[in-house]
file start-v4.cif (mmCIF, C-alpha atoms and all ligand atoms)
data_query
#
loop_
_atom_site.label_atom_id
_atom_site.label_comp_id
_atom_site.auth_asym_id
_atom_site.auth_seq_id
_atom_site.Cartn_x
_atom_site.Cartn_y
_atom_site.Cartn_z
CA MET K 1 73.94 46.71 -132.54
CA LYS K 2 71.73 48.86 -130.34
CA LEU K 3 68.15 49.39 -131.47
CA ILE K 4 67.11 52.96 -130.66
CA ASP K 5 63.65 52.77 -129.13
CA GLY K 6 62.00 56.00 -130.29
CA ASN K 7 58.74 55.04 -128.61
CA ALA K 8 60.41 54.68 -125.21
CA ILE K 9 62.43 57.91 -125.56
CA ALA K 10 59.34 59.82 -126.73
CA GLU K 11 57.37 58.40 -123.80
CA SER K 12 59.93 59.67 -121.31
CA ILE K 13 59.74 63.16 -122.85
CA ILE K 14 55.93 62.98 -122.79
CA ALA K 15 56.11 62.05 -119.09
CA GLU K 16 58.36 65.06 -118.42
CA LEU K 17 55.97 67.36 -120.29
CA THR K 18 52.90 65.89 -118.56
CA ALA K 19 54.46 66.57 -115.17
CA GLU K 20 55.26 70.14 -116.18
CA VAL K 21 51.78 70.82 -117.61
CA SER K 22 50.12 69.43 -114.47
CA GLN K 23 51.93 72.11 -112.44
CA LEU K 24 50.42 74.93 -114.51
CA SER K 25 47.57 76.95 -113.05
CA VAL K 26 44.09 76.83 -114.61
CA LYS K 27 45.14 77.93 -118.07
CA LYS K 28 46.70 75.20 -120.25
CA PRO K 29 48.64 75.35 -123.52
CA VAL K 30 46.61 75.00 -126.74
CA VAL K 31 47.78 73.90 -130.19
CA ALA K 32 45.69 74.39 -133.33
CA PHE K 33 45.94 72.01 -136.29
CA ILE K 34 44.93 72.93 -139.81
CA ARG K 35 44.53 69.94 -142.10
CA ILE K 36 43.73 70.45 -145.76
CA GLY K 37 42.14 67.59 -147.71
CA GLU K 38 42.08 63.93 -146.79
CA ASP K 39 45.58 62.62 -147.47
CA PRO K 40 45.55 59.36 -145.43
CA ALA K 41 49.03 59.88 -143.97
CA SER K 42 48.15 63.44 -142.89
CA VAL K 43 44.88 62.24 -141.32
CA SER K 44 46.78 59.67 -139.29
CA TYR K 45 49.60 62.05 -138.25
CA VAL K 46 47.21 64.75 -137.08
CA ARG K 47 45.14 62.23 -135.13
CA LYS K 48 48.30 61.02 -133.39
CA LYS K 49 49.25 64.61 -132.50
CA GLU K 50 45.76 65.29 -131.09
CA LYS K 51 45.86 62.14 -128.95
CA THR K 52 49.31 62.92 -127.59
CA ALA K 53 48.29 66.50 -126.74
CA GLU K 54 45.30 65.17 -124.85
CA ARG K 55 47.46 62.74 -122.84
CA ILE K 56 49.76 65.57 -121.77
CA GLY K 57 46.96 67.96 -120.87
CA ILE K 58 47.59 70.26 -123.84
CA GLY K 59 44.39 71.45 -125.50
CA SER K 60 44.00 70.99 -129.24
CA ARG K 61 41.70 72.33 -131.92
CA LEU K 62 41.31 70.85 -135.37
CA TYR K 63 40.38 72.91 -138.43
CA LEU K 64 39.55 70.93 -141.58
CA LEU K 65 39.71 72.69 -144.91
CA ALA K 66 38.78 71.35 -148.35
CA GLU K 67 41.50 70.30 -150.80
CA ASP K 68 40.41 73.14 -153.14
CA VAL K 69 40.49 75.81 -150.41
CA ASN K 70 41.74 79.13 -151.76
CA LYS K 71 44.62 81.08 -150.32
CA GLU K 72 42.38 83.84 -148.93
CA GLU K 73 40.28 81.40 -146.88
CA LEU K 74 43.35 79.58 -145.61
CA PHE K 75 45.11 82.82 -144.64
CA ALA K 76 41.94 84.12 -142.93
CA GLN K 77 41.95 80.97 -140.79
CA ILE K 78 45.64 81.40 -139.94
CA ASP K 79 45.10 85.10 -139.10
CA ALA K 80 42.20 84.24 -136.78
CA LEU K 81 44.43 81.79 -134.90
CA ASN K 82 47.33 84.28 -134.84
CA ASN K 83 44.98 86.77 -133.19
CA ASP K 84 43.47 84.32 -130.71
CA PRO K 85 45.25 84.74 -127.36
CA ASP K 86 44.08 81.28 -126.26
CA VAL K 87 46.04 79.58 -129.07
CA ASN K 88 49.76 79.10 -128.39
CA GLY K 89 50.83 77.00 -131.37
CA ILE K 90 49.65 76.63 -134.96
CA LEU K 91 50.49 73.66 -137.17
CA ILE K 92 49.48 73.39 -140.81
CA GLN K 93 49.96 69.77 -141.80
CA ALA K 94 52.16 69.36 -144.88
CA PRO K 95 52.09 68.52 -147.72
CA LEU K 96 49.79 71.33 -148.83
CA PRO K 97 47.77 71.18 -152.07
CA LYS K 98 49.82 72.10 -155.16
CA HIS K 99 48.02 75.44 -155.68
CA ILE K 100 49.04 76.71 -152.21
CA ASP K 101 52.57 78.05 -151.74
CA GLU K 102 54.10 76.35 -148.69
CA THR K 103 56.67 79.00 -147.76
CA GLU K 104 54.14 81.83 -148.01
CA THR K 105 51.69 79.81 -145.91
CA PHE K 106 54.16 78.91 -143.19
CA ASN K 107 55.29 82.54 -143.06
CA ARG K 108 51.72 83.64 -142.40
CA VAL K 109 51.92 81.98 -138.96
CA LEU K 110 53.23 84.33 -136.25
CA PRO K 111 56.83 83.33 -135.45
CA SER K 112 55.89 83.12 -131.76
CA LYS K 113 53.22 80.49 -132.60
CA ASP K 114 55.27 78.66 -135.25
CA VAL K 115 55.68 75.44 -133.23
CA ASP K 116 56.59 73.65 -136.47
CA GLY K 117 59.68 75.85 -136.89
CA PHE K 118 58.90 76.27 -140.58
CA ASN K 119 58.85 80.03 -141.00
CA THR K 120 61.69 82.09 -142.34
CA LEU K 121 62.48 83.81 -139.04
CA ASN K 122 62.78 80.55 -137.11
CA ILE K 123 64.89 78.93 -139.85
CA GLY K 124 67.10 82.06 -139.80
CA LYS K 125 67.49 81.77 -136.03
CA LEU K 126 68.53 78.14 -136.42
CA CYS K 127 71.12 79.24 -138.99
CA GLN K 128 72.46 81.89 -136.61
CA GLU K 129 72.39 79.51 -133.63
CA ASP K 130 69.92 81.70 -131.78
CA HIS K 131 68.36 79.14 -129.47
CA GLN K 132 65.27 81.28 -128.83
CA GLY K 133 63.71 80.16 -132.12
CA PHE K 134 61.57 77.08 -132.76
CA VAL K 135 63.34 74.14 -134.39
CA ALA K 136 61.31 71.92 -136.74
CA CYS K 137 59.99 68.88 -134.89
CA THR K 138 61.52 66.03 -136.90
CA PRO K 139 65.11 67.40 -136.88
CA ALA K 140 64.69 68.33 -133.20
CA GLY K 141 63.60 64.74 -132.56
CA ILE K 142 66.65 63.40 -134.41
CA VAL K 143 68.94 65.49 -132.19
CA GLU K 144 67.19 64.22 -129.08
CA LEU K 145 67.51 60.58 -130.20
CA ILE K 146 71.21 61.06 -130.91
CA GLU K 147 71.80 62.72 -127.54
CA ARG K 148 69.78 60.29 -125.45
CA SER K 149 71.39 57.28 -127.20
CA GLY K 150 74.92 58.53 -126.46
CA ILE K 151 75.93 58.77 -130.14
CA GLU K 152 79.07 60.93 -130.54
CA THR K 153 78.94 63.71 -133.14
CA VAL K 154 81.95 65.93 -132.31
CA GLY K 155 84.44 65.69 -135.17
CA LYS K 156 82.44 62.84 -136.72
CA HIS K 157 81.31 62.65 -140.31
CA VAL K 158 77.53 63.01 -140.42
CA VAL K 159 76.02 62.28 -143.82
CA VAL K 160 72.50 63.57 -144.43
CA LEU K 161 70.55 62.04 -147.30
CA GLY K 162 67.99 64.58 -148.49
CA ARG K 163 67.85 68.37 -148.49
CA SER K 164 64.19 69.05 -147.69
CA GLN K 165 63.19 72.23 -145.84
CA ILE K 166 61.45 70.10 -143.22
CA VAL K 167 64.18 67.56 -142.43
CA GLY K 168 67.44 67.40 -144.40
CA LYS K 169 68.42 71.05 -144.34
CA PRO K 170 67.65 71.77 -140.66
CA ALA K 171 69.16 68.41 -139.59
CA ALA K 172 72.41 69.37 -141.37
CA LEU K 173 72.41 72.79 -139.65
CA LEU K 174 71.90 71.17 -136.25
CA MET K 175 74.71 68.68 -136.76
CA MET K 176 77.20 71.40 -137.77
CA ARG K 177 76.30 73.88 -134.99
CA LYS K 178 78.68 74.80 -132.17
CA ALA K 179 76.71 72.88 -129.55
CA LEU K 180 75.96 69.34 -128.51
CA PRO K 181 74.99 67.19 -130.30
CA GLY K 182 76.75 68.96 -133.16
CA ASN K 183 80.29 70.04 -134.07
CA ALA K 184 80.22 67.40 -136.80
CA THR K 185 81.61 67.48 -140.31
CA VAL K 186 78.46 67.36 -142.40
CA THR K 187 77.88 66.21 -145.96
CA VAL K 188 74.44 66.63 -147.52
CA CYS K 189 73.59 64.31 -150.43
CA HIS K 190 70.67 64.67 -152.82
CA SER K 191 69.38 63.57 -156.21
CA HIS K 192 72.31 65.15 -158.08
CA THR K 193 75.04 63.66 -155.87
CA LYS K 194 77.58 61.61 -157.82
CA ASP K 195 78.66 58.20 -156.52
CA LEU K 196 76.46 58.37 -153.44
CA PRO K 197 77.63 55.03 -151.94
CA SER K 198 81.23 56.29 -151.77
CA ILE K 199 79.98 59.12 -149.53
CA THR K 200 77.52 57.15 -147.40
CA ARG K 201 80.28 54.60 -146.72
CA GLN K 202 82.27 57.39 -145.01
CA ALA K 203 79.43 58.18 -142.60
CA ASP K 204 79.94 57.75 -138.87
CA VAL K 205 76.33 58.89 -138.52
CA LEU K 206 73.89 58.50 -141.40
CA ILE K 207 70.61 60.43 -141.42
CA ALA K 208 68.38 59.08 -144.17
CA ALA K 209 65.56 61.43 -145.19
CA ILE K 210 64.83 60.96 -148.87
CA GLY K 211 61.46 59.23 -148.75
CA ARG K 212 62.43 56.17 -150.82
CA ALA K 213 61.67 52.75 -149.39
CA ASN K 214 64.74 50.64 -148.53
CA PHE K 215 67.04 52.98 -150.49
CA VAL K 216 70.11 52.51 -148.25
CA THR K 217 71.43 48.99 -148.72
CA GLY K 218 74.00 47.06 -146.68
CA ASP K 219 76.87 47.77 -149.08
CA MET K 220 76.31 51.54 -148.70
CA VAL K 221 77.41 51.75 -145.05
CA LYS K 222 80.55 50.97 -143.08
CA GLU K 223 80.82 48.83 -139.95
CA GLY K 224 79.92 50.76 -136.81
CA VAL K 225 77.74 53.43 -138.43
CA ALA K 226 74.92 54.97 -136.38
CA VAL K 227 71.79 55.14 -138.52
CA ILE K 228 68.82 57.48 -138.10
CA ASP K 229 66.09 56.44 -140.54
CA VAL K 230 63.59 59.25 -141.07
CA GLY K 231 61.66 57.58 -143.91
CA ILE K 232 58.06 56.53 -143.43
CA ASN K 233 57.13 54.81 -146.71
CA ARG K 234 54.03 52.77 -147.41
CA VAL K 235 54.70 49.62 -149.42
CA GLU K 236 51.97 47.27 -150.61
CA ASP K 237 51.59 44.18 -148.47
CA SER K 238 48.58 41.95 -149.08
CA ALA K 239 49.37 40.02 -145.87
CA LYS K 240 48.39 43.12 -143.86
CA LYS K 241 44.76 43.91 -143.16
CA ARG K 242 45.20 47.54 -144.27
CA GLY K 243 47.01 46.42 -147.46
CA TYR K 244 50.37 48.08 -146.76
CA ARG K 245 53.22 48.16 -144.27
CA LEU K 246 55.55 50.99 -143.28
CA VAL K 247 59.24 50.80 -144.12
CA GLY K 248 62.06 53.30 -143.77
CA ASP K 249 64.59 54.67 -146.24
CA VAL K 250 67.05 52.07 -144.96
CA GLU K 251 67.02 48.35 -145.69
CA PHE K 252 66.90 47.42 -142.03
CA GLU K 253 67.75 43.70 -142.24
CA ALA K 254 70.95 44.36 -144.20
CA VAL K 255 72.10 47.56 -142.47
CA ALA K 256 71.31 46.73 -138.81
CA PRO K 257 74.04 44.05 -138.42
CA LYS K 258 76.70 46.58 -139.49
CA SER K 259 75.39 49.41 -137.27
CA SER K 260 76.39 50.56 -133.80
CA HIS K 261 72.90 52.07 -133.42
CA ILE K 262 69.85 52.09 -135.66
CA THR K 263 66.29 53.43 -135.46
CA PRO K 264 63.43 51.13 -136.52
CA VAL K 265 60.49 52.19 -138.71
CA PRO K 266 57.94 52.49 -137.26
CA GLY K 267 58.95 53.32 -133.69
CA GLY K 268 62.07 55.40 -134.32
CA VAL K 269 61.94 59.04 -135.40
CA GLY K 270 58.13 59.17 -135.87
CA PRO K 271 57.11 59.30 -132.19
CA MET K 272 59.86 61.85 -131.51
CA THR K 273 58.38 64.32 -134.01
CA VAL K 274 55.14 64.33 -132.03
CA ALA K 275 56.93 64.68 -128.68
CA MET K 276 58.93 67.68 -129.99
CA LEU K 277 55.76 69.37 -131.21
CA MET K 278 54.38 69.12 -127.69
CA ARG K 279 57.60 70.50 -126.22
CA ASN K 280 57.50 73.44 -128.64
CA THR K 281 53.85 74.11 -127.75
CA LEU K 282 54.64 74.24 -124.04
CA ARG K 283 57.55 76.60 -124.78
CA ALA K 284 55.27 78.86 -126.84
CA PHE K 285 52.77 78.91 -123.96
CA LYS K 286 55.42 79.84 -121.40
CA ALA K 287 56.85 82.56 -123.66
CA ALA K 288 53.36 84.02 -124.23
CA LYS K 289 52.74 84.23 -120.48
CA VAL K 290 55.81 86.33 -119.71
CA THR K 291 55.29 88.85 -122.50
N1 LIG K 301 54.37 66.68 -142.65
C1 LIG K 301 55.35 65.79 -142.39
N2 LIG K 301 56.04 66.17 -141.27
C2 LIG K 301 55.46 67.31 -140.83
C3 LIG K 301 55.72 68.18 -139.73
O1 LIG K 301 56.62 67.98 -138.93
N3 LIG K 301 54.89 69.25 -139.62
C4 LIG K 301 53.90 69.50 -140.51
N4 LIG K 301 53.18 70.58 -140.32
N5 LIG K 301 53.65 68.73 -141.53
C5 LIG K 301 54.43 67.64 -141.70
#
call {"tool": "encode", "arguments": {"input": "start-v4.cif", "output": "structure tokens"}}
result
Amino acid sequence: MKLIDGNAIAESIIAELTAEVSQLSVKKPVVAFIRIGEDPASVSYVRKKEKTAERIGIGSRLYLLAEDVNKEELFAQIDALNNDPDVNGILIQAPLPKHIDETETFNRVLPSKDVDGFNTLNIGKLCQEDHQGFVACTPAGIVELIERSGIETVGKHVVVLGRSQIVGKPAALLMMRKALPGNATVTVCHSHTKDLPSITRQADVLIAAIGRANFVTGDMVKEGVAVIDVGINRVEDSAKKRGYRLVGDVEFEAVAPKSSHITPVPGGVGPMTVAMLMRNTLRAFKAAKVT
């Protein structure tokens, strides 16, 4: 079993990006974060993104909006950032409050600044295998982990658990594309899937992104499976000072011994999401300069 060290892989990408940013002339890339409300996970994710940007030499700006912000105020903020030539990337941290439509909001961001890869044009480009578009950061990070760990996908059966817009759907598209890593046979499972274990047991590569703690148990995988665990679930743990610990969607202790490769939680996919956001921001900056 090979433990995939997402922290180490993310650090090597961050080092590559830092070197590239240091070569830029006076002007540096800038990413703007919009965070709505005080969801503790969102607070911690945005803070991590700000810190990583700073390490690389990417500028960041943080805009905090109240949980009850109305659509007009939110869209005015997005429009201001769309029109600001100093801002290269815009990220609106999800989940959004229930009264705000996510698709409409993500589509308000200019496609050229959509470093999250969430708007309809960029998702369409992913579908059409137009590599000029932005790919969402978590699925892009999954691809990078698979590639840099030497996991084969060509002709393999990749099973994706979860069909979210942010992870499951784009991850499935990436695995089936005519490029590397890709060219896999892909099955997407979700809450209506019948006899899920009979499908997960066929997986050569299992991507678990359903957001349920320890959902994938040892009897649900075959020997030699490569496992990418996207889940970041908080479970109560009175032994921890903060009162909880983070676990993935996969029961690590039971699944790891059967796996060829497996990502830990934390320290697997999580750091890659942040690294991919930085890569997308640098790309947006470079594209803005030439046009
Ligand atoms: N919430 C969880 N993951 C993400 C992400 O990649 N981008 C944004 N904007 N929100 C998220």
call {"tool": "residues_around", "arguments": {"input": "start-v4.cif", "residues": "range 106-121 of chain K", "least_positions_apart": "3", "cutoff": "6 Å", "atoms": "all atoms listed in the file", "output": "MDAnalysis selection string"}}
result
chainID K and resid 88:90 103 124 134:136 280:281
call {"tool": "closest_residue", "arguments": {"input": "start-v4.cif", "among": "K:Val265, K:Gly150, K:Glu67, K:Arg279", "to": "Asn7 in chain K", "atoms": "only C-alpha atoms"}}
result
K:Val265
call {"tool": "closest_atom_pairs", "arguments": {"input": "start-v4.cif", "of": "chain K", "to": "ligand LIG 301 (chain K)", "cutoff": "8 Å", "atoms": "all atoms listed in the file", "output": "Markdown table"}}
result
| residue | atom | partner | partner_atom | distance |
| --- | --- | --- | --- | --- |
| K:Ser42 | CA | K:LIG301 | N1 | 7.0 |
| K:Tyr45 | CA | K:LIG301 | N1 | 8.0 |
| K:Leu91 | CA | K:LIG301 | N4 | 5.2 |
| K:Ile92 | CA | K:LIG301 | N4 | 4.7 |
| K:Gln93 | CA | K:LIG301 | N4 | 3.6 |
| K:Ala94 | CA | K:LIG301 | N5 | 3.7 |
| K:Pro95 | CA | K:LIG301 | N1 | 5.9 |
| K:Asp116 | CA | K:LIG301 | N3 | 5.7 |
| K:Ala136 | CA | K:LIG301 | O1 | 6.5 |
| K:Cys137 | CA | K:LIG301 | O1 | 5.3 |
| K:Thr138 | CA | K:LIG301 | O1 | 5.7 |
| K:Ile166 | CA | K:LIG301 | O1 | 6.8 |
| K:Thr273 | CA | K:LIG301 | O1 | 6.4 |
| K:Val274 | CA | K:LIG301 | O1 | 7.9 |
| K:Leu277 | CA | K:LIG301 | O1 | 7.9 |
call {"tool": "atom_distance", "arguments": {"input": "start-v4.cif", "atom1": "CA of Val30 in chain K", "atom2": "CA of Phe75 in chain K"}}
result
19.6 Å
call {"tool": "closest_residue", "arguments": {"input": "start-v4.cif", "among": "K:Arg55, K:Glu72, K:Ser191, K:Pro264", "to": "Ala19 in chain K", "atoms": "only C-alpha atoms"}}
result
K:Arg55
call {"tool": "residues_around", "arguments": {"input": "start-v4.cif", "residues": "Gly224 in chain K", "least_positions_apart": "2", "cutoff": "7 Å", "atoms": "all atoms listed in the file", "output": "MDAnalysis selection string"}}
result
chainID K and resid 222 226 258:260
call {"tool": "write_last_selection", "arguments": {"input": "start-v4.cif", "atoms": "C-alpha atoms", "output": "short mmCIF file (atom, residue, chain, number, x, y, z; two decimals), keeping the file's coordinate frame"}}
result
data_model
loop_
_atom_site.label_atom_id
_atom_site.label_comp_id
_atom_site.auth_asym_id
_atom_site.auth_seq_id
_atom_site.Cartn_x
_atom_site.Cartn_y
_atom_site.Cartn_z
CA LYS K 222 80.55 50.97 -143.08
CA ALA K 226 74.92 54.97 -136.38
CA LYS K 258 76.70 46.58 -139.49
CA SER K 259 75.39 49.41 -137.27
CA SER K 260 76.39 50.56 -133.80
#
call {"tool": "decode", "arguments": {"input": "start-v4.cif", "residues": "range 180-199 of chain K", "atoms": "N, CA and C atoms", "output": "CSV table (one decimal), in the first residue's frame"}}
result
chain,number,residue,atom,x,y,z
K,180,LEU,N,-4.5,12.1,-20.8
K,180,LEU,CA,-4.0,11.5,-19.6
K,180,LEU,C,-3.9,12.4,-18.4
K,181,PRO,N,-4.2,12.0,-17.2
K,181,PRO,CA,-4.9,10.7,-16.9
K,181,PRO,C,-6.4,10.8,-17.5
K,182,GLY,N,-6.9,9.7,-17.9
K,182,GLY,CA,-8.2,9.7,-18.5
K,182,GLY,C,-8.4,8.4,-19.3
K,183,ASN,N,-9.2,8.4,-20.3
K,183,ASN,CA,-9.4,7.2,-21.1
K,183,ASN,C,-9.9,6.0,-20.3
K,184,ALA,N,-10.6,6.3,-19.2
K,184,ALA,CA,-11.1,5.3,-18.3
K,184,ALA,C,-12.5,4.9,-18.7
K,185,THR,N,-13.0,3.8,-18.2
K,185,THR,CA,-14.4,3.5,-18.2
K,185,THR,C,-14.9,3.9,-16.9
K,186,VAL,N,-15.9,4.8,-16.9
K,186,VAL,CA,-16.3,5.5,-15.7
K,186,VAL,C,-17.8,5.2,-15.3
K,187,THR,N,-18.0,4.8,-14.0
K,187,THR,CA,-19.3,4.6,-13.5
K,187,THR,C,-19.5,5.7,-12.4
K,188,VAL,N,-20.6,6.4,-12.4
K,188,VAL,CA,-20.9,7.4,-11.4
K,188,VAL,C,-22.1,6.8,-10.5
K,189,CYS,N,-21.8,6.7,-9.2
K,189,CYS,CA,-22.9,6.2,-8.3
K,189,CYS,C,-23.4,7.4,-7.4
K,190,HIS,N,-24.6,7.2,-7.0
K,190,HIS,CA,-25.2,8.3,-6.2
K,190,HIS,C,-26.3,7.7,-5.3
K,191,SER,N,-27.1,8.6,-4.7
K,191,SER,CA,-28.0,8.1,-3.7
K,191,SER,C,-29.1,7.1,-4.2
K,192,HIS,N,-29.3,7.1,-5.5
K,192,HIS,CA,-30.3,6.2,-6.1
K,192,HIS,C,-29.7,4.9,-6.6
K,193,THR,N,-28.4,4.8,-6.6
K,193,THR,CA,-27.7,3.6,-7.1
K,193,THR,C,-28.1,2.3,-6.4
K,194,LYS,N,-28.5,1.3,-7.1
K,194,LYS,CA,-28.8,0.0,-6.5
K,194,LYS,C,-27.6,-0.9,-6.3
K,195,ASP,N,-27.5,-1.6,-5.2
K,195,ASP,CA,-26.4,-2.5,-4.9
K,195,ASP,C,-25.1,-1.8,-5.1
K,196,LEU,N,-24.9,-0.7,-4.4
K,196,LEU,CA,-23.6,0.0,-4.6
K,196,LEU,C,-22.4,-0.8,-4.4
K,197,PRO,N,-22.3,-1.7,-3.3
K,197,PRO,CA,-21.1,-2.4,-3.1
K,197,PRO,C,-20.7,-3.3,-4.3
K,198,SER,N,-21.7,-3.8,-5.1
K,198,SER,CA,-21.3,-4.6,-6.2
K,198,SER,C,-20.6,-3.8,-7.3
K,199,ILE,N,-20.9,-2.5,-7.3
K,199,ILE,CA,-20.2,-1.6,-8.3
K,199,ILE,C,-18.8,-1.2,-7.7
